Each structure stands twice: as structure tokens, then as C-alpha cells.
>>> print(open('upload-v2.cif').read())   # mmCIF, C-alpha atoms
data_final
loop_
_atom_site.label_atom_id
_atom_site.label_comp_id
_atom_site.auth_asym_id
_atom_site.auth_seq_id
_atom_site.Cartn_x
_atom_site.Cartn_y
_atom_site.Cartn_z
CA MET A 1 120.88 48.57 126.82
CA ILE A 2 118.32 45.81 126.30
CA VAL A 3 119.84 42.39 127.01
CA ARG A 4 117.37 39.54 126.61
CA PRO A 5 116.91 36.29 124.70
CA PRO A 6 115.10 36.56 121.36
CA PRO A 7 111.33 36.75 122.02
CA THR A 8 109.00 34.10 120.71
CA PHE A 9 106.33 34.87 118.12
CA LEU A 10 103.66 35.31 120.80
CA GLN A 11 105.94 37.51 122.92
CA LEU A 12 106.46 39.77 119.92
CA LEU A 13 102.77 40.62 120.05
CA TYR A 14 102.70 41.92 123.63
CA VAL A 15 106.27 42.59 124.86
CA THR A 16 106.73 46.21 125.96
CA ARG A 17 110.15 46.23 127.67
CA GLY A 18 112.48 47.83 125.13
CA SER A 19 109.59 48.78 122.85
CA VAL A 20 108.88 52.36 121.78
CA VAL A 21 105.10 51.81 122.00
CA PRO A 22 104.73 53.48 125.45
CA LYS A 23 106.45 56.59 124.09
CA ILE A 24 104.29 56.90 120.98
CA LEU A 25 100.98 55.69 122.44
CA PRO A 26 99.47 59.23 122.57
CA GLN A 27 100.29 59.77 118.88
CA LEU A 28 98.78 56.40 117.97
CA GLY A 29 95.58 57.17 119.87
CA LEU A 30 95.30 60.60 118.28
CA THR A 31 95.88 59.13 114.82
CA ALA A 32 93.18 56.48 115.33
CA ALA A 33 90.68 59.05 116.62
CA PHE A 34 91.36 61.43 113.74
CA ALA A 35 91.04 58.62 111.18
CA ALA A 36 87.71 57.52 112.69
CA LEU A 37 86.41 61.10 112.48
CA VAL A 38 87.51 61.34 108.84
CA VAL A 39 85.63 58.11 107.95
CA LEU A 40 82.56 59.22 109.90
CA PHE A 41 82.41 62.63 108.23
CA HIS A 42 83.16 61.13 104.83
CA GLU A 43 80.16 58.80 105.13
CA HIS A 44 77.69 61.37 106.43
CA TYR A 45 79.07 64.61 104.98
CA PRO A 46 80.90 63.64 101.76
CA ALA A 47 80.90 67.23 100.57
CA LEU A 48 82.77 68.30 103.69
CA VAL A 49 85.34 65.45 103.54
CA PRO A 50 85.68 64.44 99.89
CA SER A 51 87.61 61.45 98.60
CA PHE A 52 91.22 61.83 97.44
CA ALA A 53 93.40 59.54 95.37
CA GLY A 54 95.75 57.41 97.48
CA VAL A 55 98.67 57.38 95.03
CA PRO A 56 100.23 60.69 96.19
CA PHE A 57 100.11 59.51 99.79
CA ALA A 58 101.81 56.23 98.85
CA LEU A 59 104.61 58.11 97.07
CA LEU A 60 105.03 60.44 100.04
CA GLY A 61 105.19 57.42 102.35
CA ILE A 62 107.98 55.85 100.31
CA ALA A 63 109.99 59.08 100.34
CA LEU A 64 109.44 59.49 104.09
CA SER A 65 110.51 55.90 104.82
CA VAL A 66 113.76 56.44 102.89
CA PHE A 67 114.36 59.68 104.80
CA LEU A 68 113.69 57.92 108.12
CA GLY A 69 116.12 55.17 107.14
CA PHE A 70 118.92 57.68 106.50
CA ARG A 71 118.29 59.43 109.82
CA ASN A 72 118.16 56.21 111.82
CA ASN A 73 121.41 55.07 110.20
CA ALA A 74 123.02 58.34 111.30
CA CYS A 75 121.66 57.90 114.84
CA TYR A 76 122.83 54.29 115.01
CA ASP A 77 126.30 55.38 113.85
CA ARG A 78 126.45 57.71 116.87
CA TRP A 79 125.36 54.86 119.18
CA TRP A 80 127.91 52.46 117.70
CA GLU A 81 130.68 55.07 117.82
CA ALA A 82 129.99 55.58 121.54
CA ARG A 83 130.15 51.83 122.13
CA LYS A 84 133.44 51.57 120.20
CA GLN A 85 134.98 54.37 122.25
CA TRP A 86 134.16 52.60 125.50
CA GLY A 87 135.43 49.34 124.06
CA GLU A 88 138.68 51.16 123.27
CA MET A 89 138.83 52.44 126.84
CA ILE A 90 138.47 48.91 128.24
CA SER A 91 141.41 47.83 126.07
CA VAL A 92 143.58 50.83 127.03
CA CYS A 93 142.88 50.38 130.77
CA ARG A 94 143.83 46.71 130.64
CA SER A 95 147.02 47.59 128.76
CA PHE A 96 147.76 50.29 131.34
CA GLY A 97 147.38 47.68 134.09
CA ARG A 98 150.01 45.50 132.40
CA GLN A 99 152.34 48.42 131.64
CA THR A 100 152.47 49.49 135.29
CA LEU A 101 154.06 46.16 136.18
CA VAL A 102 157.36 47.88 135.33
CA LEU A 103 157.00 49.80 138.61
CA GLU A 104 157.06 46.62 140.71
CA ASP A 105 160.43 46.06 142.38
CA GLY A 106 159.29 44.23 145.50
CA THR A 107 159.11 47.30 147.74
CA ASP A 108 156.01 48.69 149.42
CA ALA A 109 156.65 52.15 147.94
CA ALA A 110 156.65 50.79 144.38
CA ALA A 111 153.50 48.78 145.03
CA LYS A 112 151.79 51.91 146.38
CA CYS A 113 152.80 53.94 143.32
CA ARG A 114 151.32 51.29 141.03
CA ARG A 115 148.17 51.02 143.09
CA ASP A 116 147.69 54.80 143.06
CA LEU A 117 147.96 54.88 139.26
CA LEU A 118 145.49 52.03 138.79
CA THR A 119 143.13 53.58 141.34
CA ASP A 120 143.22 56.79 139.28
CA ALA A 121 142.28 54.77 136.20
CA ILE A 122 139.29 53.22 138.00
CA LEU A 123 138.26 56.61 139.33
CA PHE A 124 138.50 58.02 135.82
CA VAL A 125 136.09 55.55 134.22
CA HIS A 126 133.49 56.02 136.97
CA ALA A 127 133.90 59.80 136.80
CA LEU A 128 133.50 59.72 133.02
CA ALA A 129 130.32 57.63 133.30
CA ILE A 130 128.84 60.21 135.71
CA HIS A 131 130.13 63.06 133.52
CA LEU A 132 128.40 61.66 130.43
CA ARG A 133 125.21 60.67 132.29
CA PRO A 134 124.64 63.35 134.98
CA GLY A 135 122.28 62.47 137.77
CA ARG A 136 122.93 58.72 137.68
CA PRO A 137 125.67 57.08 139.79
CA SER A 138 128.18 54.76 138.19
CA ASP A 139 127.82 52.06 140.88
CA PRO A 140 131.49 51.58 141.96
CA SER A 141 132.00 48.60 144.24
CA ARG A 142 133.94 50.61 146.84
CA SER A 143 133.61 54.15 148.14
CA GLU A 144 137.27 54.85 147.31
CA PHE A 145 136.36 54.51 143.62
CA ASP A 146 133.45 56.97 143.81
CA PRO A 147 134.73 60.33 142.49
CA ARG A 148 131.89 62.19 144.21
CA LEU A 149 133.36 61.29 147.62
CA HIS A 150 136.80 62.78 146.92
CA SER A 151 137.07 66.30 148.31
CA ASP A 152 139.90 67.23 145.93
CA LEU A 153 137.54 66.60 143.00
CA ALA A 154 134.54 68.43 144.42
CA ASP A 155 135.17 71.86 142.91
CA VAL A 156 136.60 70.97 139.50
CA ALA A 157 134.46 71.48 136.40
CA ASN A 158 135.66 68.31 134.67
CA ARG A 159 136.41 65.48 137.09
CA PRO A 160 137.64 62.94 134.51
CA GLU A 161 140.17 65.44 133.16
CA ALA A 162 141.33 66.32 136.69
CA ILE A 163 141.94 62.63 137.44
CA LEU A 164 143.96 62.15 134.25
CA ARG A 165 145.96 65.27 135.08
CA ARG A 166 146.75 63.81 138.50
CA ALA A 167 147.85 60.53 136.91
CA SER A 168 150.15 62.42 134.54
CA GLN A 169 151.63 64.30 137.49
CA ARG A 170 152.34 61.00 139.26
CA LEU A 171 154.10 59.65 136.16
CA ALA A 172 156.13 62.85 135.72
CA LEU A 173 157.26 62.64 139.36
CA LEU A 174 158.28 59.00 138.95
CA ASN A 175 160.27 59.93 135.86
CA ARG A 176 162.04 62.82 137.60
CA GLU A 177 162.93 60.56 140.52
CA GLY A 178 164.36 57.98 138.14
CA GLN A 179 161.89 55.23 139.03
CA VAL A 180 160.81 54.88 135.38
CA SER A 181 162.92 55.43 132.30
CA ASP A 182 162.09 57.99 129.66
CA VAL A 183 160.92 55.26 127.28
CA MET A 184 158.64 53.70 129.88
CA TYR A 185 157.36 57.11 130.92
CA GLN A 186 156.37 57.85 127.32
CA THR A 187 154.59 54.50 127.06
CA LEU A 188 152.59 55.02 130.24
CA ASP A 189 151.79 58.65 129.42
CA ARG A 190 150.62 57.58 125.96
CA SER A 191 148.03 55.34 127.60
CA VAL A 192 146.84 58.25 129.73
CA ALA A 193 146.61 60.36 126.57
CA GLN A 194 144.53 57.64 124.89
CA LEU A 195 142.09 57.74 127.79
CA GLY A 196 141.86 61.49 127.30
CA GLY A 197 141.16 60.91 123.62
CA VAL A 198 138.28 58.57 124.47
CA GLN A 199 136.86 61.17 126.83
CA ALA A 200 137.05 63.89 124.16
CA ALA A 201 135.32 61.63 121.61
CA CYS A 202 132.51 60.82 124.06
CA GLU A 203 132.06 64.50 124.91
CA ARG A 204 131.86 65.28 121.19
CA ILE A 205 129.07 62.73 120.74
CA ARG A 206 127.18 63.96 123.80
CA THR A 207 127.39 67.68 123.05
CA THR A 208 126.88 67.59 119.27
CA PRO A 209 123.36 66.44 118.34
CA LEU A 210 122.09 65.95 114.82
CA PRO A 211 121.24 69.27 113.13
CA PHE A 212 117.94 70.54 114.52
CA ALA A 213 116.54 71.47 111.11
CA TYR A 214 117.12 67.89 109.96
CA SER A 215 115.10 66.43 112.84
CA LEU A 216 112.43 69.14 112.63
CA LEU A 217 111.80 68.42 108.94
CA LEU A 218 111.40 64.72 109.70
CA HIS A 219 109.02 65.29 112.64
CA ARG A 220 106.81 67.63 110.63
CA THR A 221 106.70 65.35 107.60
CA ALA A 222 105.87 62.28 109.71
CA TYR A 223 102.97 64.04 111.46
CA LEU A 224 101.73 65.52 108.19
CA PHE A 225 101.72 62.14 106.45
CA CYS A 226 100.08 60.21 109.30
CA PHE A 227 97.25 62.72 109.67
CA LEU A 228 96.66 63.09 105.93
CA PHE A 229 96.73 59.33 105.33
CA PRO A 230 93.01 58.78 106.25
CA LEU A 231 91.94 61.36 103.67
CA GLY A 232 93.46 59.31 100.87
CA PHE A 233 92.10 55.92 101.90
CA ALA A 234 88.80 56.60 103.71
CA ASP A 235 86.84 55.85 100.55
CA SER A 236 88.61 52.58 99.66
CA LEU A 237 89.26 51.19 103.15
CA GLY A 238 86.18 52.40 104.97
CA TRP A 239 86.25 51.58 108.69
CA LEU A 240 89.54 49.76 108.25
CA THR A 241 91.13 53.18 107.82
CA PRO A 242 91.71 53.80 111.59
CA PHE A 243 93.41 50.41 111.94
CA CYS A 244 95.63 50.97 108.88
CA SER A 245 96.39 54.51 110.03
CA VAL A 246 97.61 53.19 113.40
CA LEU A 247 99.85 50.63 111.65
CA VAL A 248 101.39 53.33 109.47
CA ALA A 249 101.75 55.70 112.45
CA TYR A 250 103.37 52.94 114.52
CA THR A 251 106.03 52.49 111.84
CA PHE A 252 106.83 56.16 111.28
CA PHE A 253 106.43 57.47 114.83
CA GLY A 254 108.22 54.38 116.18
CA LEU A 255 111.24 54.84 113.91
CA ASP A 256 111.29 58.51 114.82
CA ALA A 257 111.23 57.79 118.58
CA LEU A 258 113.88 55.08 118.25
CA GLY A 259 116.12 57.48 116.32
CA VAL A 260 115.80 60.04 119.12
CA GLU A 261 116.95 57.46 121.70
CA LEU A 262 119.87 56.24 119.59
CA GLU A 263 120.91 59.82 118.86
CA ASN A 264 121.75 60.25 122.57
CA PRO A 265 123.67 57.06 123.47
CA PHE A 266 124.63 58.30 126.96
CA ASP A 267 121.12 59.20 128.16
CA ASN A 268 119.45 57.36 131.01
CA THR A 269 117.23 55.22 128.73
CA ALA A 270 116.80 51.50 128.12
CA HIS A 271 118.64 51.72 124.79
CA ALA A 272 121.62 53.72 126.06
CA ILE A 273 125.20 52.48 126.27
CA PRO A 274 125.68 50.46 129.52
CA LEU A 275 128.21 52.84 131.08
CA SER A 276 127.94 51.45 134.61
CA ALA A 277 128.42 47.86 133.45
CA MET A 278 131.49 48.74 131.36
CA ALA A 279 132.96 50.84 134.18
CA ARG A 280 132.51 47.85 136.48
CA THR A 281 134.25 45.62 133.89
CA ILE A 282 137.26 47.93 133.90
CA GLU A 283 137.23 48.08 137.69
CA ILE A 284 137.33 44.29 137.90
CA SER A 285 140.19 44.04 135.41
CA LEU A 286 142.34 46.62 137.21
CA LEU A 287 141.63 45.18 140.66
CA GLU A 288 142.80 41.81 139.38
CA ALA A 289 145.88 43.54 137.93
CA MET A 290 146.59 44.86 141.44
CA GLY A 291 146.48 41.30 142.74
CA GLU A 292 143.15 41.70 144.54
CA LYS A 293 141.31 38.45 145.26
CA ASN A 294 138.01 39.89 146.45
CA VAL A 295 136.79 41.53 143.23
CA PRO A 296 133.19 42.67 142.65
CA ALA A 297 130.76 40.78 140.46
CA VAL A 298 129.92 41.81 136.94
CA LEU A 299 126.77 43.93 136.78
CA GLN A 300 123.75 41.99 135.52
CA PRO A 301 120.68 43.26 133.65
CA SER A 302 117.68 44.28 135.72
CA GLU A 303 114.41 43.41 133.95
CA PHE A 304 116.41 42.89 130.74
CA VAL A 305 118.03 46.36 130.98
CA LEU A 306 121.79 46.70 131.49
CA MET A 307 122.79 50.20 132.59
#
>>> encode(input="upload-v2.cif", output="C-alpha cells")
Amino acid sequence: MIVRPPPTFLQLLYVTRGSVVPKILPQLGLTAAFAALVVLFHEHYPALVPSFAGVPFALLGIALSVFLGFRNNACYDRWWEARKQWGEMISVCRSFGRQTLVLEDGTDAAAKCRRDLLTDAILFVHALAIHLRPGRPSDPSRSEFDPRLHSDLADVANRPEAILRRASQRLALLNREGQVSDVMYQTLDRSVAQLGGVQAACERIRTTPLPFAYSLLLHRTAYLFCFLFPLGFADSLGWLTPFCSVLVAYTFFGLDALGVELENPFDNTAHAIPLSAMARTIEISLLEAMGEKNVPAVLQPSEFVLM
């Protein structure tokens, strides 16, 4: 996620970090070259490249911009839903840290039980970050919180679910042994179930993209409009046509590329949800709940990108 102060007017003209320009630069270059060829052929071979009225292209552009707006709203809703789910998980984990205080009775055994439960919660958030963003570590502060280093989690298909299952088994054992009452057991298990609900919601977002036909129609229409645009304005704009074509292409191709990034909020991109940073936030909160004094620092953006 891009985290930076608002750029100045001059910075807006050249800033590239967080911009979609590097992604759409080939399309912009191709659009400019095609528009220049259209103007050149229109001047020297008007019979081959005749002049067309620009009104139909303007109407098509309006319709396409509305369509792009609807799609980008849908993509942003997915991004915001992912952020809300992780915000919910931060809240549930902090509540879980307070709820486990009921286990404290001054004995070392009770303190160990509470620490094991909170360690499982920390392991869960790091495992979920890796599960949603394969190939990128979640940057836990200690090796004991790295789910990839736990042999009992090596062969399971879904590590976050396995960790929650282990936490539920711990709670069930405490209830059977009479260390927690039935009411308190239900409260603690409800928090574990809420974490499972967040995981299921995140998996739904990650594995269910926007309908392919919807995106395909938009891609085709955007390319069709940007490459037909010079034909409608070569006569009236002349050699300004390549410049205007690039401006139009920047808007449509840029919105399209931004929608693709927002559609996948857990990808390893600059605009993705900062899973590692939020996992570290939860880790800090639960370590403090354990009474730890030496807690890790909050993750900071690197070159304005918080991952």
C-alpha cells in the first residue's frame, strides 16, 4: 500500500512510485505511434485514410468512461472489503488477548496455557498472510512465530486452519479439565470462530475474481476506442492527434490497470493490502498482552510502500 505525504504540483508531473504509468507505457507508445501514422497517411494519402466525424467517438468515450467507473468501484469494494476483514481480525485478536486473562491464576501452568493460546493467534495471522500472498514471507519478529519453521504444520494444506484447530483443541482440553467454565469456553471459542470467519472471507476474495467476460469486454472496448480515436480527430487536430491520443489512452488504460491491481488486494503489488504490517501490529498487541517488554517495532514503509 502506498503511504506517502500528498505530492506537490511539480511532483505530480514526474512521480512514478505508485503510478500505473510503468505498466501501461507500452500501450501509450503504441497508441502514439499509431496516431502519428494515421495523421501521416491522412495528409499524404487521404483516400486511404479518410476523415471521420468525431461525434461517435466522443459518445463511445463517455459510455466507456462510465463502464470503467462501475468496474473500478467494484474493484475498490473488493480492496476495501479485504482491509475491513483484516481490521476485524486486529480487533478480535486484541479481544482474545484480554479474554485469556481469565486463565491467569498465578501459576506457571496457567501462564503457559495462556501464552500457548496467544502464540497460536500470532502464528495464525502470519500463516494467513503467507496463505493469501504465497511466495512472500510475513516478516515475524521471532522464528517461533514463523509458521514455515514448525514441523507439525509442514504437511497440512491449510496452515491457518490447522493453527485454529489446534487452538480449539487447547480450549476444549482446558474446559474438560475444569480450568475454564462452559461460559468462558464459549466466549473464547467464539473468538477463534471469528478468526476463522475472517480467513474464509479473505479466501473468498482471493479465489473469486470479477467475471472474466466483464473484464474482457472492458479490455477490448478500451483498446478499440484508443486505436480508433485518431481516425476521428486526425483532420481537426492534425499533428496534435498523437498527443491527445496518448492523454486519452493514459486515462482509459490507466484506469483499467488500476482496476486490475485493486481487484486482487492480496497480491504482491504496491497497492495491495499491507498484510505484513497488520500481522506485525497484531503480534505487538498480543506480545504486550503476554506482558512482554521487548516487543518489535511497527513495520515502516520502504520507498513509500508498506507491505
>>> residues_around(input="upload-v2.cif", residues="A:His42", least_positions_apart="4", cutoff="10 Å", atoms="all atoms listed in the file", output="PyMOL selection string")
chain A and resi 36-38+46-51+231+234-235+238
>>> atom_distance(input="upload-v2.cif", atom1="atom CA of A:Thr281", atom2="atom CA of A:Phe145")
13.3 Å
>>> resolve_selection(input="upload-v2.cif", expression="the PyMOL selection byres ((chain A and resi 246-259) around 10)", output="VMD selection string")
chain A and resid 19 to 25 27 to 33 35 61 64 to 65 68 to 69 71 to 76 215 218 to 219 221 to 223 225 to 227 229 241 to 245 260 to 264 271
>>> closest_residue(input="upload-v2.cif", among="A:Gly135, A:Arg280, A:Glu177, A:Arg170", to="A:Asp116", atoms="all atoms listed in the file")
A:Arg170
>>> closest_residue(input="upload-v2.cif", among="A:Gln199, A:Thr187, A:Ser285, A:Ser302", to="A:Ala270", atoms="only C-alpha atoms")
A:Ser302
>>> atom_distance(input="upload-v2.cif", atom1="atom CA of A:Ala127", atom2="atom CA of A:Arg17")
28.8 Å
>>> closest_residue(input="upload-v2.cif", among="A:Val55, A:Leu228, A:Leu149, A:Ala82", to="A:Leu123", atoms="only C-alpha atoms")
A:Leu149
>>> atom_distance(input="upload-v2.cif", atom1="atom CA of A:Gln300", atom2="atom CA of A:Trp79")
20.9 Å
>>> resolve_selection(input="upload-v2.cif", expression="the PyMOL selection byres ((chain A and resi 95) around 12)", output="list in words")
Glu88, Met89, Ile90, Ser91, Val92, Cys93, Arg94, Phe96, Gly97, Arg98, Gln99, Thr100, Leu101, Leu118, Ala121, Thr187, Leu188, Arg190, Ser191, Val192, Gln194, Leu195, Ile282, Ser285, Leu286 and Ala289 of chain A
>>> closest_residue(input="upload-v2.cif", among="A:Ile62, A:Val305, A:Ala297, A:Leu275", to="A:Pro134", atoms="all atoms listed in the file")
A:Leu275
>>> closest_residue(input="upload-v2.cif", among="A:Ile122, A:Val295, A:Ala200, A:Met1", to="A:Glu144", atoms="all atoms listed in the file")
A:Ile122
>>> residues_around(input="upload-v2.cif", residues="A:Pro301", least_positions_apart="6", cutoff="12 Å", atoms="all atoms listed in the file", output="NGL selection string")
:A and (1-5 or 270 or 274 or 276-277 or 307)
>>> write_last_selection(input="upload-v2.cif", atoms="C-alpha atoms", output="PDB file, keeping the file's coordinate frame")
ATOM      1  CA  MET A   1     120.880  48.570 126.820  1.00  0.00           C
ATOM      2  CA  ILE A   2     118.320  45.810 126.300  1.00  0.00           C
ATOM      3  CA  VAL A   3     119.840  42.390 127.010  1.00  0.00           C
ATOM      4  CA  ARG A   4     117.370  39.540 126.610  1.00  0.00           C
ATOM      5  CA  PRO A   5     116.910  36.290 124.700  1.00  0.00           C
ATOM      6  CA  ALA A 270     116.800  51.500 128.120  1.00  0.00           C
ATOM      7  CA  PRO A 274     125.680  50.460 129.520  1.00  0.00           C
ATOM      8  CA  SER A 276     127.940  51.450 134.610  1.00  0.00           C
ATOM      9  CA  ALA A 277     128.420  47.860 133.450  1.00  0.00           C
ATOM     10  CA  MET A 307     122.790  50.200 132.590  1.00  0.00           C
TER      11      MET A 307
END
